[in-house]
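Pasting entry33.tsv here (TSV, N, CA and C atoms):
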chain	number	residue	atom	x	y	z
Q	256	MET	N	-28.50	8.25	-0.96
Q	256	MET	CA	-29.53	7.59	-0.19
Q	256	MET	C	-30.88	8.19	-0.57
Q	257	GLU	N	-31.82	7.34	-0.84
Q	257	GLU	CA	-33.16	7.78	-1.21
Q	257	GLU	C	-33.92	8.23	0.05
Q	258	PHE	N	-34.94	9.06	-0.16
Q	258	PHE	CA	-35.74	9.55	0.96
Q	258	PHE	C	-36.40	8.41	1.71
Q	259	HIS	N	-37.00	7.48	0.99
Q	259	HIS	CA	-37.74	6.42	1.66
Q	259	HIS	C	-36.82	5.49	2.46
Q	260	GLU	N	-35.53	5.54	2.21
Q	260	GLU	CA	-34.59	4.74	2.97
Q	260	GLU	C	-34.15	5.45	4.25
Q	261	ASN	N	-34.38	6.75	4.32
Q	261	ASN	CA	-33.87	7.55	5.41
Q	261	ASN	C	-34.93	7.95	6.43
Q	262	HIS	N	-36.18	7.76	6.16
Q	262	HIS	CA	-37.20	8.19	7.11
Q	262	HIS	C	-37.47	7.12	8.17
Q	263	ALA	N	-38.01	7.56	9.29
Q	263	ALA	CA	-38.27	6.66	10.41
Q	263	ALA	C	-39.33	5.63	10.03
Q	264	LYS	N	-39.18	4.43	10.51
Q	264	LYS	CA	-40.13	3.37	10.20
Q	264	LYS	C	-41.48	3.64	10.87
Q	265	GLN	N	-41.46	4.13	12.09
Q	265	GLN	CA	-42.69	4.40	12.83
Q	265	GLN	C	-42.59	5.79	13.46
Q	266	PRO	N	-42.84	6.82	12.69
Q	266	PRO	CA	-42.60	8.18	13.18
Q	266	PRO	C	-43.55	8.61	14.30
Q	267	PHE	N	-44.71	8.01	14.40
Q	267	PHE	CA	-45.69	8.45	15.39
Q	267	PHE	C	-45.81	7.50	16.58
Q	268	ILE	N	-44.84	6.63	16.77
Q	268	ILE	CA	-44.94	5.64	17.83
Q	268	ILE	C	-45.04	6.30	19.21
Q	269	GLY	N	-44.37	7.41	19.39
Q	269	GLY	CA	-44.45	8.12	20.67
Q	269	GLY	C	-45.85	8.64	20.94
Q	270	LEU	N	-46.48	9.19	19.91
Q	270	LEU	CA	-47.85	9.68	20.05
Q	270	LEU	C	-48.82	8.53	20.30
Q	271	VAL	N	-48.59	7.42	19.63
Q	271	VAL	CA	-49.44	6.24	19.83
Q	271	VAL	C	-49.32	5.76	21.27
Q	272	GLN	N	-48.14	5.72	21.80
Q	272	GLN	CA	-47.94	5.26	23.19
Q	272	GLN	C	-48.61	6.22	24.17
Q	273	ILE	N	-48.50	7.51	23.92
Q	273	ILE	CA	-49.16	8.50	24.79
Q	273	ILE	C	-50.67	8.32	24.72
Q	274	TRP	N	-51.21	8.13	23.52
Q	274	TRP	CA	-52.65	7.94	23.35
Q	274	TRP	C	-53.13	6.68	24.07
Q	275	ARG	N	-52.38	5.59	23.95
Q	275	ARG	CA	-52.76	4.35	24.63
Q	275	ARG	C	-52.72	4.51	26.15
Q	276	ALA	N	-51.72	5.21	26.65
Q	276	ALA	CA	-51.63	5.44	28.10
Q	276	ALA	C	-52.80	6.30	28.57
Q	277	TYR	N	-53.18	7.30	27.79
Q	277	TYR	CA	-54.31	8.16	28.12
Q	277	TYR	C	-55.60	7.35	28.15
Q	278	LYS	N	-55.81	6.50	27.15
Q	278	LYS	CA	-57.01	5.67	27.10
Q	278	LYS	C	-57.07	4.71	28.29
Q	279	ALA	N	-55.95	4.13	28.66
Q	279	ALA	CA	-55.90	3.21	29.80
Q	279	ALA	C	-56.22	3.96	31.09
Q	280	TRP	N	-55.69	5.18	31.23
Q	280	TRP	CA	-55.95	6.00	32.40
Q	280	TRP	C	-57.44	6.33	32.51
Q	281	ARG	N	-58.05	6.70	31.36
Q	281	ARG	CA	-59.47	7.02	31.33
Q	281	ARG	C	-60.33	5.81	31.71
Q	282	LEU	N	-59.96	4.65	31.21
Q	282	LEU	CA	-60.70	3.43	31.52
Q	282	LEU	C	-60.62	3.10	33.01
Q	283	ARG	N	-59.43	3.25	33.59
Q	283	ARG	CA	-59.28	3.01	35.04
Q	283	ARG	C	-60.12	4.00	35.85
Q	284	ALA	N	-60.13	5.26	35.44
Q	284	ALA	CA	-60.91	6.28	36.14
Q	284	ALA	C	-62.40	5.97	36.05
Q	285	GLN	N	-62.85	5.56	34.88
Q	285	GLN	CA	-64.26	5.22	34.70
Q	285	GLN	C	-64.64	4.01	35.54
Q	286	THR	N	-63.79	3.00	35.55
Q	286	THR	CA	-64.04	1.80	36.35
Q	286	THR	C	-64.09	2.16	37.82
Q	287	ARG	N	-63.18	3.00	38.27
Q	287	ARG	CA	-63.15	3.42	39.67
Q	287	ARG	C	-64.46	4.14	40.05
Q	288	ARG	N	-64.94	5.02	39.16
Q	288	ARG	CA	-66.20	5.73	39.43
Q	288	ARG	C	-67.38	4.76	39.56
Q	289	VAL	N	-67.45	3.81	38.66
Q	289	VAL	CA	-68.55	2.83	38.70
Q	289	VAL	C	-68.48	2.01	39.98
Q	290	LEU	N	-67.30	1.56	40.34
Q	290	LEU	CA	-67.15	0.76	41.56
Q	290	LEU	C	-67.49	1.56	42.81
Q	291	GLN	N	-67.14	2.83	42.83
Q	291	GLN	CA	-67.43	3.66	43.99
Q	291	GLN	C	-68.93	3.87	44.17
Q	292	GLN	N	-69.68	3.79	43.09
Q	292	GLN	CA	-71.13	3.99	43.17
Q	292	GLN	C	-71.87	2.71	43.57
Q	293	MET	N	-71.19	1.58	43.54
Q	293	MET	CA	-71.83	0.31	43.87
Q	293	MET	C	-72.02	0.17	45.38
Q	294	SER	N	-73.05	-0.56	45.74
Q	294	SER	CA	-73.29	-0.83	47.17
Q	294	SER	C	-72.25	-1.85	47.67
Q	295	ASP	N	-72.13	-1.92	48.99
Q	295	ASP	CA	-71.20	-2.87	49.59
Q	295	ASP	C	-71.58	-4.31	49.21
Q	296	GLU	N	-72.87	-4.56	49.13
Q	296	GLU	CA	-73.34	-5.90	48.77
Q	296	GLU	C	-72.91	-6.28	47.35
Q	297	ARG	N	-73.07	-5.37	46.42
Q	297	ARG	CA	-72.65	-5.65	45.04
Q	297	ARG	C	-71.14	-5.80	44.93
Q	298	LEU	N	-70.42	-4.98	45.67
Q	298	LEU	CA	-68.96	-5.11	45.65
Q	298	LEU	C	-68.55	-6.49	46.17
Q	299	ARG	N	-69.22	-6.94	47.21
Q	299	ARG	CA	-68.93	-8.26	47.76
Q	299	ARG	C	-69.22	-9.35	46.72
Q	300	ASP	N	-70.28	-9.14	45.91
Q	300	ASP	CA	-70.62	-10.11	44.86
Q	300	ASP	C	-69.49	-10.25	43.82
Q	301	VAL	N	-68.78	-9.18	43.56
Q	301	VAL	CA	-67.69	-9.25	42.58
Q	301	VAL	C	-66.35	-9.51	43.25
Q	302	GLY	N	-66.37	-9.71	44.58
Q	302	GLY	CA	-65.15	-10.09	45.28
Q	302	GLY	C	-64.29	-8.93	45.72
Q	303	LEU	N	-64.90	-7.76	45.93
Q	303	LEU	CA	-64.15	-6.59	46.38
Q	303	LEU	C	-64.71	-6.07	47.69
Q	304	ARG	N	-63.86	-5.34	48.41
Q	304	ARG	CA	-64.30	-4.63	49.61
Q	304	ARG	C	-64.24	-3.14	49.32
Q	305	ARG	N	-64.95	-2.37	50.12
Q	305	ARG	CA	-65.02	-0.92	49.93
Q	305	ARG	C	-63.62	-0.30	50.00
Q	306	ASP	N	-62.77	-0.76	50.91
Q	306	ASP	CA	-61.43	-0.17	51.04
Q	306	ASP	C	-60.54	-0.49	49.83
Q	307	GLN	N	-60.85	-1.52	49.07
Q	307	GLN	CA	-60.07	-1.82	47.88
Q	307	GLN	C	-60.44	-0.90	46.72
Q	308	VAL	N	-61.64	-0.34	46.76
Q	308	VAL	CA	-62.11	0.55	45.70
Q	308	VAL	C	-61.60	1.95	45.91
Q	309	GLU	N	-61.58	2.41	47.13
Q	309	GLU	CA	-61.20	3.79	47.42
Q	309	GLU	C	-59.74	3.98	47.49

Before we go any further, please render this structure as structure tokens.
Amino acid sequence: MEFHENHAKQPFIGLVQIWRAYKAWRLRAQTRRVLQQMSDERLRDVGLRRDQVE
């Protein structure tokens, strides 16, 4: 069996999945921070209430 036949097709898929999960977590945290800084009036404009943000 040749080497290229025996190696994993996607050896870093686990790291890629961890990186994507980390990026998604960071984006949610950033969005949460921005929403928490908005006034109640602006939150109402985008269809949210204060208790939905916190």

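One distance worth recording is that between CA of Asp306 in chain Q and CA of Arg287 in chain Q, which is 12.0 Å.
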
Practice item. Using DSSP on the backbone coordinates, identify the residues of chain Q assigned to helix (DSSP H, G or I); present them as a PyMOL selection string. Key: chain Q and resi 258-261+268-292+295-300+305-308

Exercise for review: Could you jot down the CA of Arg299 in chain Q to atom C of Ala276 in chain Q separation for me, Å, one decimal place?
Suggested key: 29.0 Å

Check your understanding: So what do you get for atom C of Ser294 in chain Q versus CA of Tyr277 in chain Q, distance-wise?
Key -> 28.4 Å

What box, with edges along x, y and z, holds each listed atom of range 269-288 of chain Q when 3 Å is added on every side, and can you state its centre and edge lengths in Å to one decimal, as JSON?
{"center_x": -55.9, "center_y": 5.7, "center_z": 29.7, "size_x": 29.0, "size_y": 13.9, "size_z": 26.7}
